[in-house]
file entry20.pdb (PDB, C-alpha atoms)
ATOM      1  CA  MET A   1      19.558  27.093  -5.268  1.00  0.00           C
ATOM      2  CA  PRO A   2      17.179  25.420  -2.742  1.00  0.00           C
ATOM      3  CA  GLY A   3      14.459  25.424  -5.413  1.00  0.00           C
ATOM      4  CA  VAL A   4      16.668  23.494  -7.836  1.00  0.00           C
ATOM      5  CA  ARG A   5      17.575  20.927  -5.164  1.00  0.00           C
ATOM      6  CA  ARG A   6      13.903  20.485  -4.316  1.00  0.00           C
ATOM      7  CA  MET A   7      13.008  20.020  -8.001  1.00  0.00           C
ATOM      8  CA  ASN A   8      15.810  17.444  -8.370  1.00  0.00           C
ATOM      9  CA  GLY A   9      14.533  15.652  -5.265  1.00  0.00           C
ATOM     10  CA  LEU A  10      10.969  15.624  -6.601  1.00  0.00           C
ATOM     11  CA  ALA A  11      12.183  14.350  -9.970  1.00  0.00           C
ATOM     12  CA  LEU A  12      14.081  11.542  -8.206  1.00  0.00           C
ATOM     13  CA  ILE A  13      11.006  10.597  -6.178  1.00  0.00           C
ATOM     14  CA  GLY A  14       8.908  10.548  -9.358  1.00  0.00           C
ATOM     15  CA  LEU A  15      11.486   8.395 -11.151  1.00  0.00           C
ATOM     16  CA  LEU A  16      11.621   5.940  -8.249  1.00  0.00           C
ATOM     17  CA  GLY A  17       7.813   5.777  -8.260  1.00  0.00           C
ATOM     18  CA  LEU A  18       7.827   5.047 -11.975  1.00  0.00           C
ATOM     19  CA  ILE A  19      10.413   2.311 -11.581  1.00  0.00           C
ATOM     20  CA  GLY A  20       8.580   0.803  -8.601  1.00  0.00           C
ATOM     21  CA  CYS A  21       5.151   0.821 -10.270  1.00  0.00           C
ATOM     22  CA  GLY A  22       6.038   0.151 -13.869  1.00  0.00           C
ATOM     23  CA  GLY A  23       6.576  -3.181 -15.496  1.00  0.00           C
ATOM     24  CA  SER A  24       9.152  -4.293 -18.012  1.00  0.00           C
ATOM     25  CA  LYS A  25       6.684  -3.726 -20.869  1.00  0.00           C
ATOM     26  CA  PRO A  26       5.164  -0.335 -21.610  1.00  0.00           C
ATOM     27  CA  PRO A  27       1.364  -0.086 -21.715  1.00  0.00           C
ATOM     28  CA  ALA A  28      -0.362  -0.237 -25.066  1.00  0.00           C
ATOM     29  CA  ALA A  29      -1.353   3.049 -26.695  1.00  0.00           C
ATOM     30  CA  ASP A  30      -4.952   2.742 -25.488  1.00  0.00           C
ATOM     31  CA  GLY A  31      -3.879   2.384 -21.852  1.00  0.00           C
ATOM     32  CA  GLN A  32      -4.496  -1.354 -21.828  1.00  0.00           C
ATOM     33  CA  ALA A  33      -1.624  -3.531 -20.720  1.00  0.00           C
ATOM     34  CA  ALA A  34       0.489  -5.057 -23.456  1.00  0.00           C
ATOM     35  CA  GLY A  35      -0.885  -8.563 -23.970  1.00  0.00           C
ATOM     36  CA  ALA A  36      -4.288  -9.803 -22.914  1.00  0.00           C
ATOM     37  CA  ALA A  37      -3.266 -10.740 -19.392  1.00  0.00           C
ATOM     38  CA  PRO A  38       0.165 -10.386 -17.818  1.00  0.00           C
ATOM     39  CA  ALA A  39       1.748 -13.750 -17.062  1.00  0.00           C
ATOM     40  CA  ALA A  40       2.622 -12.738 -13.517  1.00  0.00           C
ATOM     41  CA  GLY A  41      -0.485 -11.370 -11.854  1.00  0.00           C
ATOM     42  CA  GLY A  42       1.133 -10.925  -8.467  1.00  0.00           C
ATOM     43  CA  GLY A  43      -0.905 -13.779  -7.053  1.00  0.00           C
ATOM     44  CA  LEU A  44      -4.206 -12.539  -8.449  1.00  0.00           C
ATOM     45  CA  SER A  45      -6.844 -15.022  -9.518  1.00  0.00           C
ATOM     46  CA  ALA A  46      -8.049 -15.155 -13.116  1.00  0.00           C
ATOM     47  CA  PHE A  47     -11.226 -13.366 -11.958  1.00  0.00           C
ATOM     48  CA  GLU A  48      -9.174 -10.555 -10.373  1.00  0.00           C
ATOM     49  CA  MET A  49      -6.962 -10.228 -13.441  1.00  0.00           C
ATOM     50  CA  GLU A  50     -10.031  -9.688 -15.631  1.00  0.00           C
ATOM     51  CA  ASN A  51     -12.278  -7.828 -13.176  1.00  0.00           C
ATOM     52  CA  GLY A  52      -9.932  -6.016 -10.838  1.00  0.00           C
ATOM     53  CA  VAL A  53      -9.493  -6.016  -7.092  1.00  0.00           C
ATOM     54  CA  GLY A  54     -12.009  -4.420  -4.789  1.00  0.00           C
ATOM     55  CA  PRO A  55     -15.427  -4.774  -3.231  1.00  0.00           C
ATOM     56  CA  ILE A  56     -17.116  -6.126  -6.375  1.00  0.00           C
ATOM     57  CA  THR A  57     -16.326  -9.834  -6.217  1.00  0.00           C
ATOM     58  CA  SER A  58     -18.828 -11.226  -8.687  1.00  0.00           C
ATOM     59  CA  VAL A  59     -19.395 -10.431 -12.342  1.00  0.00           C
ATOM     60  CA  VAL A  60     -21.523  -7.336 -12.912  1.00  0.00           C
ATOM     61  CA  THR A  61     -23.983  -8.169 -15.653  1.00  0.00           C
ATOM     62  CA  VAL A  62     -25.337  -5.445 -17.884  1.00  0.00           C
ATOM     63  CA  GLY A  63     -28.049  -5.284 -20.489  1.00  0.00           C
ATOM     64  CA  ALA A  64     -29.188  -2.260 -22.413  1.00  0.00           C
ATOM     65  CA  VAL A  65     -27.871   1.038 -21.083  1.00  0.00           C
ATOM     66  CA  ASP A  66     -30.050   2.379 -18.281  1.00  0.00           C
ATOM     67  CA  HIS A  67     -30.449   5.996 -19.440  1.00  0.00           C
ATOM     68  CA  GLY A  68     -31.904   7.208 -16.130  1.00  0.00           C
ATOM     69  CA  LEU A  69     -28.951   5.789 -14.245  1.00  0.00           C
ATOM     70  CA  ALA A  70     -26.595   7.192 -16.890  1.00  0.00           C
ATOM     71  CA  GLU A  71     -28.068  10.643 -16.285  1.00  0.00           C
ATOM     72  CA  GLN A  72     -27.269  10.309 -12.572  1.00  0.00           C
ATOM     73  CA  GLY A  73     -23.794   9.115 -13.556  1.00  0.00           C
ATOM     74  CA  GLU A  74     -23.249  12.154 -15.766  1.00  0.00           C
ATOM     75  CA  LYS A  75     -23.950  14.453 -12.807  1.00  0.00           C
ATOM     76  CA  LEU A  76     -21.520  12.450 -10.665  1.00  0.00           C
ATOM     77  CA  PHE A  77     -18.922  12.490 -13.435  1.00  0.00           C
ATOM     78  CA  GLU A  78     -19.159  16.268 -13.726  1.00  0.00           C
ATOM     79  CA  ALA A  79     -18.949  16.718  -9.951  1.00  0.00           C
ATOM     80  CA  LYS A  80     -16.319  14.107  -9.069  1.00  0.00           C
ATOM     81  CA  CYS A  81     -14.317  13.111 -12.144  1.00  0.00           C
ATOM     82  CA  THR A  82     -13.794  16.020 -14.544  1.00  0.00           C
ATOM     83  CA  ALA A  83     -10.978  17.539 -12.494  1.00  0.00           C
ATOM     84  CA  CYS A  84      -8.825  14.635 -13.708  1.00  0.00           C
ATOM     85  CA  HIS A  85     -10.649  12.864 -16.553  1.00  0.00           C
ATOM     86  CA  LYS A  86     -12.124  13.808 -19.907  1.00  0.00           C
ATOM     87  CA  LEU A  87     -14.080  11.491 -22.161  1.00  0.00           C
ATOM     88  CA  THR A  88     -12.232  12.155 -25.393  1.00  0.00           C
ATOM     89  CA  GLU A  89      -8.759  13.317 -24.396  1.00  0.00           C
ATOM     90  CA  ARG A  90      -5.902  12.566 -22.052  1.00  0.00           C
ATOM     91  CA  TYR A  91      -5.861  14.895 -19.072  1.00  0.00           C
ATOM     92  CA  VAL A  92      -4.473  14.388 -15.565  1.00  0.00           C
ATOM     93  CA  GLY A  93      -5.700  10.807 -15.872  1.00  0.00           C
ATOM     94  CA  PRO A  94      -6.505   8.692 -18.907  1.00  0.00           C
ATOM     95  CA  SER A  95      -9.322   9.470 -21.298  1.00  0.00           C
ATOM     96  CA  LEU A  96     -12.363   7.480 -20.223  1.00  0.00           C
ATOM     97  CA  GLY A  97     -13.898   7.233 -23.667  1.00  0.00           C
ATOM     98  CA  GLY A  98     -13.952   3.561 -24.640  1.00  0.00           C
ATOM     99  CA  VAL A  99     -13.113   2.329 -21.152  1.00  0.00           C
ATOM    100  CA  THR A 100     -16.233   0.134 -21.032  1.00  0.00           C
ATOM    101  CA  VAL A 101     -15.125  -1.483 -24.279  1.00  0.00           C
ATOM    102  CA  ARG A 102     -11.582  -2.153 -22.998  1.00  0.00           C
ATOM    103  CA  ARG A 103     -12.556  -3.232 -19.472  1.00  0.00           C
ATOM    104  CA  THR A 104     -15.294  -5.307 -17.884  1.00  0.00           C
ATOM    105  CA  PRO A 105     -18.059  -3.549 -15.933  1.00  0.00           C
ATOM    106  CA  THR A 106     -16.709  -5.202 -12.775  1.00  0.00           C
ATOM    107  CA  TYR A 107     -13.208  -3.830 -13.431  1.00  0.00           C
ATOM    108  CA  VAL A 108     -14.551  -0.313 -14.022  1.00  0.00           C
ATOM    109  CA  MET A 109     -16.551  -0.400 -10.795  1.00  0.00           C
ATOM    110  CA  ASN A 110     -13.636  -1.790  -8.767  1.00  0.00           C
ATOM    111  CA  MET A 111     -11.379   0.977 -10.099  1.00  0.00           C
ATOM    112  CA  ILE A 112     -13.970   3.582  -9.109  1.00  0.00           C
ATOM    113  CA  LEU A 113     -14.581   2.081  -5.669  1.00  0.00           C
ATOM    114  CA  ALA A 114     -11.094   0.907  -4.676  1.00  0.00           C
ATOM    115  CA  PRO A 115      -8.388   2.624  -6.717  1.00  0.00           C
ATOM    116  CA  ASP A 116      -5.938   2.240  -3.820  1.00  0.00           C
ATOM    117  CA  GLN A 117      -6.314  -1.567  -3.880  1.00  0.00           C
ATOM    118  CA  MET A 118      -6.096  -1.606  -7.664  1.00  0.00           C
ATOM    119  CA  TYR A 119      -2.822   0.380  -7.711  1.00  0.00           C
ATOM    120  CA  GLU A 120      -1.374  -1.847  -5.029  1.00  0.00           C
ATOM    121  CA  LYS A 121      -2.292  -5.204  -6.584  1.00  0.00           C
ATOM    122  CA  HIS A 122      -3.411  -5.041 -10.229  1.00  0.00           C
ATOM    123  CA  PRO A 123      -0.718  -4.914 -12.944  1.00  0.00           C
ATOM    124  CA  VAL A 124      -2.810  -2.844 -15.390  1.00  0.00           C
ATOM    125  CA  ALA A 125      -3.556  -0.213 -12.727  1.00  0.00           C
ATOM    126  CA  LYS A 126       0.138  -0.187 -11.767  1.00  0.00           C
ATOM    127  CA  GLU A 127       1.094   0.444 -15.397  1.00  0.00           C
ATOM    128  CA  LEU A 128      -1.422   3.290 -15.650  1.00  0.00           C
ATOM    129  CA  LEU A 129      -0.007   4.821 -12.482  1.00  0.00           C
ATOM    130  CA  GLY A 130       3.465   4.588 -13.977  1.00  0.00           C
ATOM    131  CA  GLU A 131       2.272   6.289 -17.158  1.00  0.00           C
ATOM    132  CA  TYR A 132       0.196   9.078 -15.586  1.00  0.00           C
ATOM    133  CA  MET A 133       2.175   9.512 -12.352  1.00  0.00           C
ATOM    134  CA  THR A 134      -1.009  10.502 -10.530  1.00  0.00           C
ATOM    135  CA  GLN A 135      -2.970   8.137  -8.329  1.00  0.00           C
ATOM    136  CA  MET A 136      -6.739   8.330  -8.507  1.00  0.00           C
ATOM    137  CA  PRO A 137      -8.052   9.124  -5.028  1.00  0.00           C
ATOM    138  CA  ASN A 138     -10.609   6.965  -3.300  1.00  0.00           C
ATOM    139  CA  LEU A 139     -13.697   9.190  -3.455  1.00  0.00           C
ATOM    140  CA  SER A 140     -15.653   6.965  -1.032  1.00  0.00           C
ATOM    141  CA  LEU A 141     -18.447   6.469  -3.525  1.00  0.00           C
ATOM    142  CA  THR A 142     -21.190   3.914  -2.986  1.00  0.00           C
ATOM    143  CA  THR A 143     -21.702   0.859  -5.168  1.00  0.00           C
ATOM    144  CA  ASP A 144     -24.835   2.525  -6.585  1.00  0.00           C
ATOM    145  CA  GLN A 145     -22.854   5.650  -7.496  1.00  0.00           C
ATOM    146  CA  ALA A 146     -20.152   3.549  -9.158  1.00  0.00           C
ATOM    147  CA  ARG A 147     -22.827   1.734 -11.154  1.00  0.00           C
ATOM    148  CA  ALA A 148     -24.329   5.075 -12.250  1.00  0.00           C
ATOM    149  CA  LEU A 149     -20.905   6.293 -13.381  1.00  0.00           C
ATOM    150  CA  MET A 150     -20.336   3.060 -15.262  1.00  0.00           C
ATOM    151  CA  GLU A 151     -23.720   3.412 -16.999  1.00  0.00           C
ATOM    152  CA  TYR A 152     -22.802   6.953 -18.032  1.00  0.00           C
ATOM    153  CA  LEU A 153     -19.509   5.715 -19.465  1.00  0.00           C
ATOM    154  CA  ARG A 154     -21.331   2.856 -21.235  1.00  0.00           C
ATOM    155  CA  GLU A 155     -23.834   5.292 -22.717  1.00  0.00           C
ATOM    156  CA  HIS A 156     -21.014   7.496 -23.971  1.00  0.00           C
ATOM    157  CA  ASP A 157     -19.151   4.502 -25.413  1.00  0.00           C
ATOM    158  CA  ALA A 158     -22.302   3.253 -27.161  1.00  0.00           C
ATOM    159  CA  THR A 159     -22.901   6.543 -28.973  1.00  0.00           C
ATOM    160  CA  GLY A 160     -19.528   8.264 -28.976  1.00  0.00           C
ATOM    161  CA  GLU A 161     -21.280  11.407 -27.810  1.00  0.00           C
ATOM    162  CA  LYS A 162     -21.730  13.065 -24.469  1.00  0.00           C
ATOM    163  CA  HIS A 163     -25.346  13.119 -23.318  1.00  0.00           C
TER     164      HIS A 163
END

call {"tool": "encode", "arguments": {"input": "entry20.pdb", "output": "structure tokens"}}
result
Amino acid sequence: MPGVRRMNGLALIGLLGLIGCGGSKPPAADGQAAGAAPAAGGGLSAFEMENGVGPITSVVTVGAVDHGLAEQGEKLFEAKCTACHKLTERYVGPSLGGVTVRRTPTYVMNMILAPDQMYEKHPVAKELLGEYMTQMPNLSLTTDQARALMEYLREHDATGEKH
């Protein structure tokens, strides 16, 4: 019965992780936190609540989708992200289709660049961790790579199709 005891122990660890990372309200169906901004942001500023926690500390402005950068982002997405994410379906992690509509470009880039900080400090990231029970690893990407990934996601969200 050692296998059963180990499974029970793993289930208990998972349950404790869910309790420790979850909030009192479940996340909305689209993965966005219930309500526009949680009342208790754990000491986060209004900027951090909207744009996440990480190395990007000013608003990332975007114009029209940069298709060349999006092409680079698609290659990165296929190499680094598809083991856990799909664009149109839930997988190990949340579906990334529509993420650039639900989140600011700064938030998306901070999640890509500093998921560990986001899970530790940001209530929306904590809720996602509680729902998916898998923490996104820090892939040590550069700011330029994160921007390329974000452009790819923006391009997908603009057309609803993979390019």

call {"tool": "closest_atom_pairs", "arguments": {"input": "entry20.pdb", "of": "stretch 121-161 of chain A", "to": "stretch 90-96 of chain A", "cutoff": "9 Å", "atoms": "only C-alpha atoms", "output": "JSON lines"}}
result
{"residue": "A:Leu128", "atom": "CA", "partner": "A:Pro94", "partner_atom": "CA", "distance": 8.1}
{"residue": "A:Leu129", "atom": "CA", "partner": "A:Gly93", "partner_atom": "CA", "distance": 8.9}
{"residue": "A:Tyr132", "atom": "CA", "partner": "A:Gly93", "partner_atom": "CA", "distance": 6.2}
{"residue": "A:Met133", "atom": "CA", "partner": "A:Gly93", "partner_atom": "CA", "distance": 8.7}
{"residue": "A:Thr134", "atom": "CA", "partner": "A:Gly93", "partner_atom": "CA", "distance": 7.1}
{"residue": "A:Gln135", "atom": "CA", "partner": "A:Gly93", "partner_atom": "CA", "distance": 8.5}
{"residue": "A:Met136", "atom": "CA", "partner": "A:Gly93", "partner_atom": "CA", "distance": 7.8}
{"residue": "A:Leu153", "atom": "CA", "partner": "A:Leu96", "partner_atom": "CA", "distance": 7.4}

call {"tool": "write_last_selection", "arguments": {"input": "entry20.pdb", "atoms": "C-alpha atoms", "output": "tab-separated table (two decimals), keeping the file's coordinate frame"}}
result
chain	number	residue	atom	x	y	z
A	128	LEU	CA	-1.42	3.29	-15.65
A	129	LEU	CA	-0.01	4.82	-12.48
A	132	TYR	CA	0.20	9.08	-15.59
A	133	MET	CA	2.17	9.51	-12.35
A	134	THR	CA	-1.01	10.50	-10.53
A	135	GLN	CA	-2.97	8.14	-8.33
A	136	MET	CA	-6.74	8.33	-8.51
A	153	LEU	CA	-19.51	5.72	-19.46

call {"tool": "closest_residue", "arguments": {"input": "entry20.pdb", "among": "A:Leu69, A:Ala79, A:Ala114, A:Met109", "to": "A:Glu151", "atoms": "only C-alpha atoms"}}
result
A:Leu69

call {"tool": "closest_residue", "arguments": {"input": "entry20.pdb", "among": "A:Cys81, A:Leu87, A:Met111, A:Ala146", "to": "A:Glu48", "atoms": "all atoms listed in the file"}}
result
A:Met111

call {"tool": "atom_distance", "arguments": {"input": "entry20.pdb", "atom1": "atom CA of A:Gly73", "atom2": "atom CA of A:Arg147"}}
result
7.8 Å

call {"tool": "residues_near_point", "arguments": {"input": "entry20.pdb", "point": "(-18.1, -3.8, -11.7)", "cutoff": "12 Å", "atoms": "all atoms listed in the file", "output": "JSON, numbers by chain"}}
result
{"A": [47, 48, 50, 51, 52, 53, 54, 55, 56, 57, 58, 59, 60, 61, 62, 100, 103, 104, 105, 106, 107, 108, 109, 110, 111, 112, 113, 114, 143, 144, 145, 146, 147, 148, 149, 150, 151]}

call {"tool": "atom_distance", "arguments": {"input": "entry20.pdb", "atom1": "atom CA of A:Lys126", "atom2": "atom CA of A:Gly42"}}
result
11.3 Å

call {"tool": "closest_residue", "arguments": {"input": "entry20.pdb", "among": "A:Leu76, A:Leu44, A:Ala83, A:Ala64", "to": "A:Thr142", "atoms": "all atoms listed in the file"}}
result
A:Leu76

call {"tool": "axis_aligned_box", "arguments": {"input": "entry20.pdb", "around": "stretch 101-119 of chain A", "padding_each_side": "5 Å", "output": "lines of an AutoDock Vina configuration file"}}
result
center_x = -10.4
center_y = -0.9
center_z = -14.0
size_x = 25.2
size_y = 18.9
size_z = 30.5

call {"tool": "resolve_selection", "arguments": {"input": "entry20.pdb", "expression": "the PyMOL selection byres ((chain A and resi 65) around 7)", "output": "PyMOL selection string"}}
result
chain A and resi 63-64+66-67+151+154-155

call {"tool": "atom_distance", "arguments": {"input": "entry20.pdb", "atom1": "atom CA of A:Glu74", "atom2": "atom CA of A:Leu139"}}
result
15.9 Å

call {"tool": "decode", "arguments": {"input": "entry20.pdb", "residues": "stretch 60-71 of chain A", "atoms": "all heavy atoms", "output": "CSV table (one decimal), in the first residue's frame"}}
result
chain,number,residue,atom,x,y,z
A,60,VAL,N,3.2,49.3,-21.5
A,60,VAL,CA,3.7,49.0,-22.8
A,60,VAL,C,2.6,49.5,-23.8
A,60,VAL,O,1.5,49.1,-23.7
A,60,VAL,CB,3.9,47.4,-22.9
A,60,VAL,CG1,4.2,47.1,-24.4
A,60,VAL,CG2,4.9,46.9,-22.0
A,61,THR,N,3.0,50.3,-24.7
A,61,THR,CA,2.1,50.9,-25.6
A,61,THR,C,2.2,50.0,-26.9
A,61,THR,O,3.3,49.6,-27.3
A,61,THR,CB,2.3,52.3,-25.9
A,61,THR,OG1,3.6,52.5,-26.4
A,61,THR,CG2,2.0,53.2,-24.7
A,62,VAL,N,1.0,49.8,-27.5
A,62,VAL,CA,1.0,49.0,-28.8
A,62,VAL,C,0.2,49.8,-29.8
A,62,VAL,O,-0.7,50.5,-29.5
A,62,VAL,CB,0.4,47.6,-28.6
A,62,VAL,CG1,1.3,46.8,-27.7
A,62,VAL,CG2,-1.0,47.7,-28.0
A,63,GLY,N,0.5,49.6,-31.0
A,63,GLY,CA,-0.2,50.1,-32.2
A,63,GLY,C,-0.8,49.0,-32.9
A,63,GLY,O,-1.2,48.0,-32.4
A,64,ALA,N,-0.6,49.1,-34.2
A,64,ALA,CA,-1.0,47.9,-35.1
A,64,ALA,C,-0.1,46.8,-34.8
A,64,ALA,O,1.0,46.9,-34.4
A,64,ALA,CB,-0.9,48.3,-36.6
A,65,VAL,N,-0.6,45.6,-35.0
A,65,VAL,CA,0.2,44.4,-34.8
A,65,VAL,C,1.4,44.4,-35.7
A,65,VAL,O,1.3,44.7,-36.9
A,65,VAL,CB,-0.7,43.1,-35.0
A,65,VAL,CG1,0.2,41.9,-35.0
A,65,VAL,CG2,-1.8,43.0,-34.0
A,66,ASP,N,2.6,44.1,-35.1
A,66,ASP,CA,3.8,44.0,-35.9
A,66,ASP,C,3.9,42.6,-36.4
A,66,ASP,O,4.3,41.7,-35.6
A,66,ASP,CB,5.0,44.4,-35.0
A,66,ASP,CG,6.3,44.3,-35.7
A,66,ASP,OD1,6.5,43.5,-36.6
A,66,ASP,OD2,7.2,45.1,-35.3
A,67,HIS,N,3.6,42.3,-37.6
A,67,HIS,CA,3.5,41.0,-38.2
A,67,HIS,C,4.9,40.3,-38.2
A,67,HIS,O,4.9,39.1,-38.0
A,67,HIS,CB,2.8,40.9,-39.5
A,67,HIS,CG,1.4,41.4,-39.5
A,67,HIS,ND1,0.4,40.7,-38.9
A,67,HIS,CD2,0.8,42.6,-39.9
A,67,HIS,CE1,-0.7,41.4,-38.9
A,67,HIS,NE2,-0.5,42.5,-39.6
A,68,GLY,N,5.9,41.0,-38.4
A,68,GLY,CA,7.3,40.4,-38.4
A,68,GLY,C,7.6,39.9,-37.0
A,68,GLY,O,8.2,38.8,-36.9
A,69,LEU,N,7.3,40.7,-36.0
A,69,LEU,CA,7.6,40.4,-34.6
A,69,LEU,C,6.7,39.2,-34.2
A,69,LEU,O,7.1,38.3,-33.5
A,69,LEU,CB,7.3,41.6,-33.7
A,69,LEU,CG,8.0,41.6,-32.4
A,69,LEU,CD1,9.5,41.3,-32.5
A,69,LEU,CD2,7.8,43.0,-31.7
A,70,ALA,N,5.4,39.2,-34.7
A,70,ALA,CA,4.5,38.2,-34.4
A,70,ALA,C,5.0,36.8,-35.0
A,70,ALA,O,4.8,35.8,-34.4
A,70,ALA,CB,3.1,38.5,-35.0
A,71,GLU,N,5.6,36.9,-36.1
A,71,GLU,CA,6.2,35.7,-36.7
A,71,GLU,C,7.3,35.1,-35.9
A,71,GLU,O,7.4,33.9,-35.6
A,71,GLU,CB,6.7,36.0,-38.1
A,71,GLU,CG,7.1,34.7,-38.9
A,71,GLU,CD,7.5,35.1,-40.4
A,71,GLU,OE1,6.7,35.8,-41.0
A,71,GLU,OE2,8.5,34.6,-40.8
